[in-house]
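Structure file input-v8.cif; described as mmCIF, C-alpha atoms and all ligand atoms.
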data_model
loop_
_atom_site.label_atom_id
_atom_site.label_comp_id
_atom_site.auth_asym_id
_atom_site.auth_seq_id
_atom_site.Cartn_x
_atom_site.Cartn_y
_atom_site.Cartn_z
CA MET A 21 -27.77 4.80 -0.16
CA VAL A 22 -25.18 4.55 -2.91
CA ARG A 23 -23.77 1.05 -3.13
CA MET A 24 -19.97 0.90 -2.84
CA VAL A 25 -18.18 -0.85 -5.64
CA ASP A 26 -16.95 -4.19 -4.34
CA ALA A 27 -13.49 -3.71 -2.71
CA GLN A 28 -11.92 -6.63 -4.51
CA THR A 29 -13.09 -5.43 -7.91
CA GLU A 30 -11.69 -2.00 -7.20
CA LYS A 31 -8.39 -3.49 -5.97
CA ARG A 32 -8.06 -5.46 -9.19
CA ALA A 33 -8.65 -2.34 -11.27
CA ILE A 34 -5.96 -0.39 -9.37
CA ARG A 35 -3.45 -3.26 -9.74
CA GLU A 36 -4.16 -3.36 -13.48
CA ARG A 37 -3.52 0.37 -13.86
CA VAL A 38 -0.30 0.15 -11.85
CA ARG A 39 0.91 -2.84 -13.86
CA ALA A 40 0.42 -0.90 -17.11
CA SER A 41 2.14 2.20 -15.77
CA ARG A 42 5.09 0.14 -14.49
CA ARG A 43 5.48 -1.66 -17.80
CA ALA A 44 5.65 1.67 -19.62
CA ARG A 45 8.67 3.00 -17.68
CA THR A 46 11.95 3.22 -19.57
CA PRO A 47 15.11 1.54 -18.26
CA GLU A 48 16.56 5.02 -17.60
CA ALA A 49 13.55 6.06 -15.53
CA ARG A 50 13.77 2.78 -13.59
CA SER A 51 17.41 3.18 -12.68
CA GLU A 52 16.89 6.82 -11.72
CA ALA A 53 14.02 5.77 -9.44
CA ASP A 54 16.13 2.96 -7.94
CA ALA A 55 18.88 5.44 -7.01
CA ALA A 56 16.40 7.96 -5.59
CA ILE A 57 14.67 5.28 -3.51
CA ALA A 58 18.04 4.15 -2.19
CA ALA A 59 18.87 7.67 -1.00
CA VAL A 60 15.50 8.08 0.76
CA ALA A 61 15.67 4.62 2.34
CA ALA A 62 19.29 5.06 3.47
CA THR A 63 18.34 8.20 5.40
CA LEU A 64 15.43 6.35 6.99
CA LEU A 65 17.66 3.43 8.02
CA GLN A 66 20.21 5.80 9.50
CA GLU A 67 17.55 7.70 11.44
CA HIS A 68 16.33 4.43 12.93
CA GLY A 69 19.87 3.25 13.60
CA ALA A 70 18.75 0.08 11.83
CA THR A 71 21.15 -2.85 12.01
CA GLN A 72 18.65 -5.38 10.59
CA VAL A 73 15.95 -4.78 7.98
CA ALA A 74 13.53 -6.86 5.98
CA ALA A 75 13.30 -5.96 2.29
CA TYR A 76 12.78 -7.81 -1.00
CA LEU A 77 14.49 -8.43 -4.32
CA SER A 78 12.65 -6.30 -6.86
CA LEU A 79 11.47 -7.52 -10.26
CA PRO A 80 12.42 -5.41 -13.31
CA ASP A 81 9.11 -3.47 -13.34
CA GLU A 82 8.98 -2.86 -9.60
CA PRO A 83 10.42 0.18 -7.83
CA GLY A 84 14.03 -0.97 -7.58
CA THR A 85 15.61 -2.15 -4.35
CA ASN A 86 19.09 -2.75 -5.81
CA GLY A 87 20.47 0.55 -4.56
CA ILE A 88 19.25 0.18 -1.01
CA LEU A 89 20.36 -3.47 -0.82
CA ALA A 90 23.84 -2.45 -1.95
CA TRP A 91 23.87 0.41 0.58
CA ALA A 92 22.86 -1.96 3.39
CA ARG A 93 25.57 -4.41 2.44
CA GLU A 94 28.22 -1.66 2.39
CA HIS A 95 27.09 -0.40 5.78
CA GLY A 96 26.95 -3.79 7.49
CA VAL A 97 23.14 -3.79 7.81
CA ARG A 98 21.74 -7.32 7.87
CA VAL A 99 18.97 -7.73 5.29
CA LEU A 100 16.32 -10.45 5.34
CA LEU A 101 14.66 -11.27 2.02
CA PRO A 102 11.41 -13.22 1.53
CA ILE A 103 11.00 -16.74 0.23
CA VAL A 104 7.51 -17.75 -0.89
CA ARG A 105 6.27 -20.92 0.81
CA GLN A 106 3.76 -23.39 -0.59
CA ASP A 107 1.37 -22.67 2.28
CA GLY A 108 1.08 -18.95 1.49
CA LEU A 109 3.42 -17.75 4.25
CA LEU A 110 6.86 -16.20 3.82
CA ASP A 111 10.16 -17.63 5.03
CA TRP A 112 13.22 -15.38 5.02
CA ALA A 113 16.94 -15.65 4.29
CA GLU A 114 19.81 -13.24 4.69
CA GLN A 115 21.02 -11.27 1.69
CA GLY A 116 24.08 -13.09 0.36
CA ASP A 117 25.95 -13.24 -2.92
CA ALA A 118 23.65 -15.63 -4.74
CA ILE A 119 20.13 -15.09 -6.03
CA GLY A 120 18.00 -18.05 -7.04
CA GLU A 121 14.60 -18.39 -8.67
CA GLY A 122 11.66 -19.10 -6.39
CA ALA A 123 7.93 -19.63 -6.84
CA PHE A 124 6.31 -17.53 -9.60
CA GLY A 125 9.82 -16.93 -11.04
CA LEU A 126 10.61 -14.49 -8.22
CA PRO A 127 14.24 -13.71 -7.43
CA GLU A 128 14.99 -15.15 -3.98
CA PRO A 129 17.99 -15.48 -1.65
CA THR A 130 19.66 -18.89 -1.47
CA GLY A 131 20.96 -18.85 2.12
CA GLU A 132 19.76 -20.65 5.24
CA VAL A 133 15.97 -20.58 5.41
CA LEU A 134 14.60 -18.76 8.47
CA PRO A 135 10.99 -19.01 9.70
CA PRO A 136 8.35 -16.23 9.51
CA THR A 137 9.01 -15.32 13.18
CA VAL A 138 12.44 -13.78 12.35
CA LEU A 139 10.53 -10.76 11.09
CA CYS A 140 10.04 -9.54 14.66
CA ASP A 141 13.84 -9.17 15.04
CA VAL A 142 14.29 -6.46 12.40
CA ASP A 143 14.38 -2.71 13.08
CA LEU A 144 12.44 -1.81 9.94
CA ILE A 145 10.42 -3.54 7.23
CA LEU A 146 10.52 -2.35 3.62
CA ALA A 147 7.52 -3.88 1.87
CA PRO A 148 6.48 -4.06 -1.77
CA ALA A 149 3.16 -2.48 -2.76
CA SER A 150 1.03 -1.81 -5.79
CA ALA A 151 -0.51 1.31 -4.23
CA ILE A 152 -0.65 3.13 -0.90
CA ASP A 153 -3.13 5.72 0.27
CA ARG A 154 -2.79 8.75 2.50
CA ARG A 155 -4.06 6.84 5.52
CA GLY A 156 -1.31 4.24 5.09
CA MET A 157 -3.53 1.51 3.65
CA ARG A 158 -1.40 -0.63 1.39
CA LEU A 159 -2.43 -2.64 -1.61
CA GLY A 160 -0.22 -5.56 -2.65
CA TRP A 161 -0.49 -8.05 -5.46
CA GLY A 162 -3.47 -9.93 -4.14
CA ARG A 163 -2.08 -13.00 -2.45
CA GLY A 164 -1.95 -11.60 1.07
CA TYR A 165 1.69 -12.54 1.77
CA PHE A 166 2.56 -9.27 3.48
CA ASP A 167 -0.82 -8.83 5.19
CA LYS A 168 -0.31 -12.24 6.77
CA ALA A 169 3.34 -11.62 7.64
CA LEU A 170 2.55 -8.25 9.27
CA GLY A 171 -0.67 -9.43 10.87
CA ALA A 172 1.19 -12.26 12.63
CA LEU A 173 3.59 -9.94 14.48
CA ALA A 174 2.71 -9.11 18.07
CA GLN A 175 5.22 -6.27 18.16
CA ARG A 176 5.63 -4.78 14.74
CA PRO A 177 8.70 -2.87 13.65
CA PRO A 178 7.92 0.24 11.54
CA VAL A 179 6.80 -0.73 8.03
CA TYR A 180 7.50 1.42 4.97
CA ALA A 181 6.07 0.45 1.60
CA ILE A 182 8.08 1.26 -1.52
CA ALA A 183 6.21 2.69 -4.50
CA PHE A 184 6.50 5.01 -7.47
CA ASP A 185 5.08 8.50 -6.93
CA ASP A 186 1.98 7.91 -9.06
CA GLU A 187 1.06 4.95 -6.84
CA ILE A 188 0.28 7.16 -3.84
CA LEU A 189 -3.50 7.46 -4.05
CA ASP A 190 -6.06 9.35 -1.99
CA VAL A 191 -7.88 6.16 -1.04
CA VAL A 192 -7.32 2.50 -1.71
CA PRO A 193 -10.14 0.11 -0.81
CA ASP A 194 -9.49 -1.77 2.41
CA GLU A 195 -10.79 -4.98 3.88
CA ALA A 196 -10.67 -6.20 7.48
CA HIS A 197 -7.41 -8.14 7.02
CA ASP A 198 -5.48 -5.25 5.40
CA GLN A 199 -2.56 -4.05 7.49
CA PRO A 200 -1.78 -0.33 7.39
CA VAL A 201 1.85 0.72 7.00
CA ASP A 202 3.67 3.48 8.87
CA GLY A 203 5.04 5.23 5.83
CA ALA A 204 5.94 5.12 2.18
CA ILE A 205 9.17 5.55 0.28
CA THR A 206 8.97 6.94 -3.25
CA PRO A 207 11.65 8.35 -5.55
CA SER A 208 10.66 11.88 -4.54
CA GLY A 209 10.76 11.34 -0.81
CA ARG A 210 9.19 9.85 2.26
CA LEU A 211 5.64 9.95 3.54
CA THR A 212 4.75 9.21 7.15
CA PHE A 213 1.19 8.31 8.06
N1 LIG A 301 9.89 -8.67 -5.64
C1 LIG A 301 8.88 -9.09 -4.89
N2 LIG A 301 9.01 -10.16 -4.12
C2 LIG A 301 7.95 -10.59 -3.38
C3 LIG A 301 6.73 -9.92 -3.41
C4 LIG A 301 6.60 -8.78 -4.25
O1 LIG A 301 5.57 -8.11 -4.34
N3 LIG A 301 7.70 -8.40 -4.96
N4 LIG A 301 5.67 -10.40 -2.64
C5 LIG A 301 4.66 -9.62 -2.14
O2 LIG A 301 3.70 -10.07 -1.59
C6 LIG A 301 5.69 -11.82 -2.28
C7 LIG A 301 5.26 -12.64 -3.49
N5 LIG A 301 4.01 -12.19 -4.00
C8 LIG A 301 3.34 -12.60 -5.12
C9 LIG A 301 2.15 -12.01 -5.38
C10 LIG A 301 1.41 -12.35 -6.50
C11 LIG A 301 1.87 -13.32 -7.35
C12 LIG A 301 1.03 -13.64 -8.53
O3 LIG A 301 -0.02 -13.09 -8.72
N6 LIG A 301 1.43 -14.54 -9.38
C13 LIG A 301 0.69 -14.90 -10.58
C14 LIG A 301 1.52 -15.72 -11.48
C15 LIG A 301 2.68 -14.94 -11.97
C16 LIG A 301 3.19 -15.52 -13.23
O4 LIG A 301 2.47 -15.45 -14.24
O5 LIG A 301 4.30 -16.08 -13.20
C17 LIG A 301 -0.54 -15.68 -10.25
O6 LIG A 301 -0.56 -16.29 -9.20
O7 LIG A 301 -1.45 -15.68 -11.07
C18 LIG A 301 3.06 -13.93 -7.08
C19 LIG A 301 3.81 -13.57 -5.97
C20 LIG A 301 7.05 -12.18 -1.79
N7 LIG A 301 8.10 -11.71 -2.66
N1 LIG A 302 -4.04 -12.23 7.99
C1 LIG A 302 -4.58 -12.98 7.02
N2 LIG A 302 -4.98 -14.23 7.30
C2 LIG A 302 -5.55 -14.98 6.35
N3 LIG A 302 -5.76 -14.59 5.09
C3 LIG A 302 -5.39 -13.38 4.76
C4 LIG A 302 -4.78 -12.50 5.70
N4 LIG A 302 -4.50 -11.35 5.08
C5 LIG A 302 -4.90 -11.50 3.80
N5 LIG A 302 -5.45 -12.72 3.60
C6 LIG A 302 -6.00 -13.21 2.32
O1 LIG A 302 -5.15 -12.86 1.25
C7 LIG A 302 -5.91 -12.53 0.08
C8 LIG A 302 -5.37 -11.30 -0.59
O2 LIG A 302 -5.65 -10.16 0.17
P1 LIG A 302 -5.55 -8.69 -0.45
O3 LIG A 302 -6.39 -8.59 -1.68
O4 LIG A 302 -5.75 -7.71 0.63
O5 LIG A 302 -4.03 -8.72 -0.92
P2 LIG A 302 -2.86 -7.69 -0.95
O6 LIG A 302 -2.93 -6.68 0.13
O7 LIG A 302 -2.81 -7.19 -2.32
O8 LIG A 302 -1.69 -8.71 -0.71
P3 LIG A 302 -0.26 -8.64 -0.02
O9 LIG A 302 -0.47 -8.57 1.44
O10 LIG A 302 0.40 -9.87 -0.47
O11 LIG A 302 0.44 -7.48 -0.52
C9 LIG A 302 -7.33 -12.39 0.52
O12 LIG A 302 -8.06 -13.45 -0.04
C10 LIG A 302 -7.31 -12.51 2.02
O13 LIG A 302 -8.39 -13.23 2.50
#
Using C-alpha cells, write down the structure from this file.
Ligand SMILES: Nc1nc2c(c(=O)[nH]1)N(C=O)[C@@H](CNc1ccc(C(=O)N[C@@H](CCC(=O)O)C(=O)O)cc1)CN2
Ligand SMILES: Nc1ncnc2c1ncn2[C@@H]1O[C@H](COP(=O)(O)OP(=O)(O)OP(=O)(O)O)[C@@H](O)[C@H]1O
Amino acid sequence: MVRMVDAQTEKRAIRERVRASRRARTPEARSEADAAIAAVAATLLQEHGATQVAAYLSLPDEPGTNGILAWAREHGVRVLLPIVRQDGLLDWAEQGDAIGEGAFGLPEPTGEVLPPTVLCDVDLILAPASAIDRRGMRLGWGRGYFDKALGALAQRPPVYAIAFDDEILDVVPDEAHDQPVDGAITPSGRLTF
C-alpha cells in the first residue's frame, strides 16, 4: 500500500504556497477582490435574511472583508468579530468604530468582550481560510481557532469560508478535528458543498 504523506506536512506545504501567492497580489487586485467578495457575501446575507453574522477583520494579504463589513454596517446587520484569547479560544466583540491590535498583531474590535458561546446566536459565519476543497474541508492557519469555535457549537449556523479563487483545491488533507464548512465565497462567486 502506498503510504500517505503525513497530513500535517501536507497542510504546511499548502499554507506556504498560499502565503506566497497572497503576498504576490497587487494592491489593485486586492481591492478588486475585496469588492467582488462583498457583492457575493451581500447576496448570501440577504438570501439568509441575516441580521447577525460572525466575520473577521482581514489582514492586508487576506481576501478582504472591508467591503462586506461596510455593507453590513450600512444595512444594520450586527457583526461579531473575533478576539484571540490566551487559552486558544476566541472571544467576540461587535463591529464598532475602533480597531485595536490584538495577539499576533491582528486587527481586533475594541468593544465589550463577549464569550465564545455568542457564536450560536448568529445567522451566518464567515470564516477565514488558507484553502478549501470541493468537499468543504477547510484549512486554516494551523492554530485550530476556528475548528475549536465551530466544533463547540451544538447547533451550527451555516459557515462560509472566504478565499481567493486559486485557494479552492480538489482535496485538502483532513484530520479528525477538522470541521467542514457549508460553502465558500471567492471573488468569482459562491460554492455550496
Ligand atoms: N484576520 C484574521 N483574523 C483571525 C484569524 C485569521 O485567520 N484572520 N484567525 C483564524 O483562525 C484567528 C487567529 N489565527 C491565527 C492563526 C495563526 C497565527 C500564527 O501562526 N501566528 C504566528 C506568529 C505571527 C507573527 O509572526 O506575528 C505564529 O504563531 O508563529 C496567528 C493567529 C482569529 N482572527
Ligand atoms: N476541537 C478541537 N479541540 C482541540 N484541539 C483542536 C480542535 N481543533 C483543532 N485543534 C488543534 O488545533 C491545531 C491546529 O489544527 P489544524 O492544523 O487543523 O488547523 P487549521 O484548520 O489550520 O486551524 P483553524 O481552525 O484555526 O483555521 C491542531 O494541533 C489540533 O489538534
Which residues form the shell of 8 Å around ligand LIG 302 (chain A) when you count all atoms listed in the file, given as a short mmCIF file (atom, residue, chain, number, x, y, z; two decimals) with C-alpha atoms, in the coordinates of the input?
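This is the output file out_30.cif:
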data_model
loop_
_atom_site.label_atom_id
_atom_site.label_comp_id
_atom_site.auth_asym_id
_atom_site.auth_seq_id
_atom_site.Cartn_x
_atom_site.Cartn_y
_atom_site.Cartn_z
CA GLN A 28 -11.92 -6.63 -4.51
CA LYS A 31 -8.39 -3.49 -5.97
CA PRO A 148 6.48 -4.06 -1.77
CA ALA A 149 3.16 -2.48 -2.76
CA SER A 150 1.03 -1.81 -5.79
CA ARG A 158 -1.40 -0.63 1.39
CA LEU A 159 -2.43 -2.64 -1.61
CA GLY A 160 -0.22 -5.56 -2.65
CA TRP A 161 -0.49 -8.05 -5.46
CA GLY A 162 -3.47 -9.93 -4.14
CA ARG A 163 -2.08 -13.00 -2.45
CA GLY A 164 -1.95 -11.60 1.07
CA TYR A 165 1.69 -12.54 1.77
CA PHE A 166 2.56 -9.27 3.48
CA ASP A 167 -0.82 -8.83 5.19
CA LYS A 168 -0.31 -12.24 6.77
CA ALA A 169 3.34 -11.62 7.64
CA LEU A 170 2.55 -8.25 9.27
CA GLY A 171 -0.67 -9.43 10.87
CA ALA A 172 1.19 -12.26 12.63
CA ASP A 194 -9.49 -1.77 2.41
CA GLU A 195 -10.79 -4.98 3.88
CA HIS A 197 -7.41 -8.14 7.02
CA ASP A 198 -5.48 -5.25 5.40
CA GLN A 199 -2.56 -4.05 7.49
#
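Of the listed residues (A:Gly116, A:Pro80, A:Pro136, A:Gly156), A:Pro136 comes nearest to Val104 of chain A; the distances count only C-alpha atoms.
Going from atom CA of Asp143 of chain A over to atom CA of Ala53 of chain A, you cover 24.1 Å.
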Computed gap from atom CA of Ala181 of chain A to atom CA of Leu101 of chain A is 14.5 Å
How far is it from atom O3 of ligand LIG 301 (chain A) to atom CA of Arg50 of chain A, in Å with one decimal?
-> 21.6 Å
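With only C-alpha atoms and all ligand atoms as the atoms that count, the minimum distance from ligand LIG 301 (chain A) to the choices A:Pro129, A:Pro135, A:Pro102, A:Gly84 is reached by A:Pro102.
For the residues A:Gly69, A:Pro47, A:Pro200, A:Gly125, ranking by smallest atom-to-atom distance to ligand LIG 301 (chain A) using only C-alpha atoms and all ligand atoms places A:Gly125 first.
Considering the residues A:Glu128, A:Gly122, A:Ser208, A:Leu144 and counting only C-alpha atoms, Gln66 of chain A has its shortest atom-to-atom contact with A:Leu144.
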Report as AutoDock Vina command-line options the centre and the edge lengths, in Å to one decimal, of the axis-aligned box holding every listed atom of segment 133-148 of chain A, padded by 4 Å on each side.
--center_x 11.2 --center_y -11.2 --center_z 6.6 --size_x 17.5 --size_y 26.8 --size_z 24.8
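Using all atoms listed in the file, the nearest neighbour of Glu36 of chain A within the list A:Ala90, A:Ala151, A:Ala59, A:Val179 is A:Ala151.
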Which neighbours of Asp54 of chain A fall inside 12 Å, counting all atoms listed in the file, when residues of the same chain fewer than 2 positions from it are skipped, and could you give them as a ChimeraX atom specification?
-> /A:47-52,56-61,78-91,182-184,205-208
